[in-house]
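Q: Sharing a structure below in structure tokens format, with a few things to ask.
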Amino acid sequence: MISLKGICQSKNYDLKIHGGIVSQIQGSSQSNQLGAFLGGGAVRHAQLGRWDLDLSFIYLNKTTPDRRINTYEGISLKGQTNFLFKILPMGDSFLYLGPGIAIHQPLNSSGDYNGPSFGANGKVMAPLKLSGILFYLTYDLDYLTGPGFWRNSVGIAFSPNF
């Protein structure tokens, strides 16, 4: 078994990996796109909570030209940072909730808008222990200010030192 303990980590920082599903809609439009995300990040622990820094690749399904709602179809990149407050003790950890900011960049856009888009977001992390290993269920709500899209992401995160 390979242990990441001590590699690129210190007493105050942890590396993590995360993945999940994402849905994107434009304003009040009923059209939406579905996809998946996979990425990594770093967590810095603080007394009131934690700083969370993520970098993710997102894949959104392609739409037909008459239903095209944005230029983020295909693969895009998202970077975000959040400060997550400790809200409620749950087992060996806490429920975390907090605001953040993000930047979104389409990587293979053929539309009029090629980004980047800045946005505001909120994040929730709830601990889940499976077979003695601590994971976090995650939920992100993003608003991309330039094109006016909303993104909902549900996933799971893991770090050897959570």
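Chain labels run A, B, ... following the order of the structure tokens; each chain numbers its residues from 1, and ligands are numbered from 1 in the order shown.
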Mind checking which residues fall within 6 Å of region 70-80 of chain A, counting only C-alpha atoms, ignoring those fewer than 5 positions away in the same chain, and posting them as a list in words?
A: Leu53, Asp54, Leu55, Ser56, Phe57, Ile58, Tyr59, Leu60, Asn61, Lys62, Ile101, Ala102, Ile103, His104, Gln105, Pro106, Leu107, Ser109 and Gly111 of chain A
Q: Skip region 84-91 of chain A itself and residues of its chain fewer than 3 positions away, then list as a count of residues only all residues within 8 Å of it, counting only C-alpha atoms.
A: 14
Q: Using only C-alpha atoms for the distances, tell me which of A:Gly100, A:Pro160, A:Gly132, A:Gly155 is nearest to Gly39 (chain A).
A: A:Gly155
Q: Taking only C-alpha atoms into account, which of A:Leu134, A:Ala46, A:Val154, A:Leu144 comes nearest Ala120 (chain A)?
A: A:Leu144
Q: Could you work out how far CA of Gln26 (chain A) lies from CA of Ser117 (chain A), giving the answer in Å with one decimal?
A: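 Separation of CA of Ser117 (chain A) and CA of Gln26 (chain A): 13.7 Å.
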Q: Using only C-alpha atoms, which residues sit within 6 Å of region 140-143 of chain A once same-chain residues fewer than 4 positions away are excluded, as a ChimeraX atom specification?
A: /A:119-123,149-153
Q: For those residues, write C-alpha atoms to a file as a PDB file, in the first residue's frame.
A:
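Everything below was put into part25.pdb:
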```
ATOM      1  CA  GLY A 119     -18.249  33.556 -10.553  1.00  0.00           C
ATOM      2  CA  ALA A 120     -19.441  33.284  -7.006  1.00  0.00           C
ATOM      3  CA  ASN A 121     -20.158  29.975  -5.365  1.00  0.00           C
ATOM      4  CA  GLY A 122     -21.148  28.210  -2.206  1.00  0.00           C
ATOM      5  CA  LYS A 123     -19.888  24.841  -1.022  1.00  0.00           C
ATOM      6  CA  PHE A 149     -25.080  30.166 -16.035  1.00  0.00           C
ATOM      7  CA  TRP A 150     -25.838  28.232 -12.865  1.00  0.00           C
ATOM      8  CA  ARG A 151     -23.957  25.018 -12.057  1.00  0.00           C
ATOM      9  CA  ASN A 152     -24.898  22.396  -9.479  1.00  0.00           C
ATOM     10  CA  SER A 153     -22.245  19.814  -8.628  1.00  0.00           C
TER      11      SER A 153
END
```
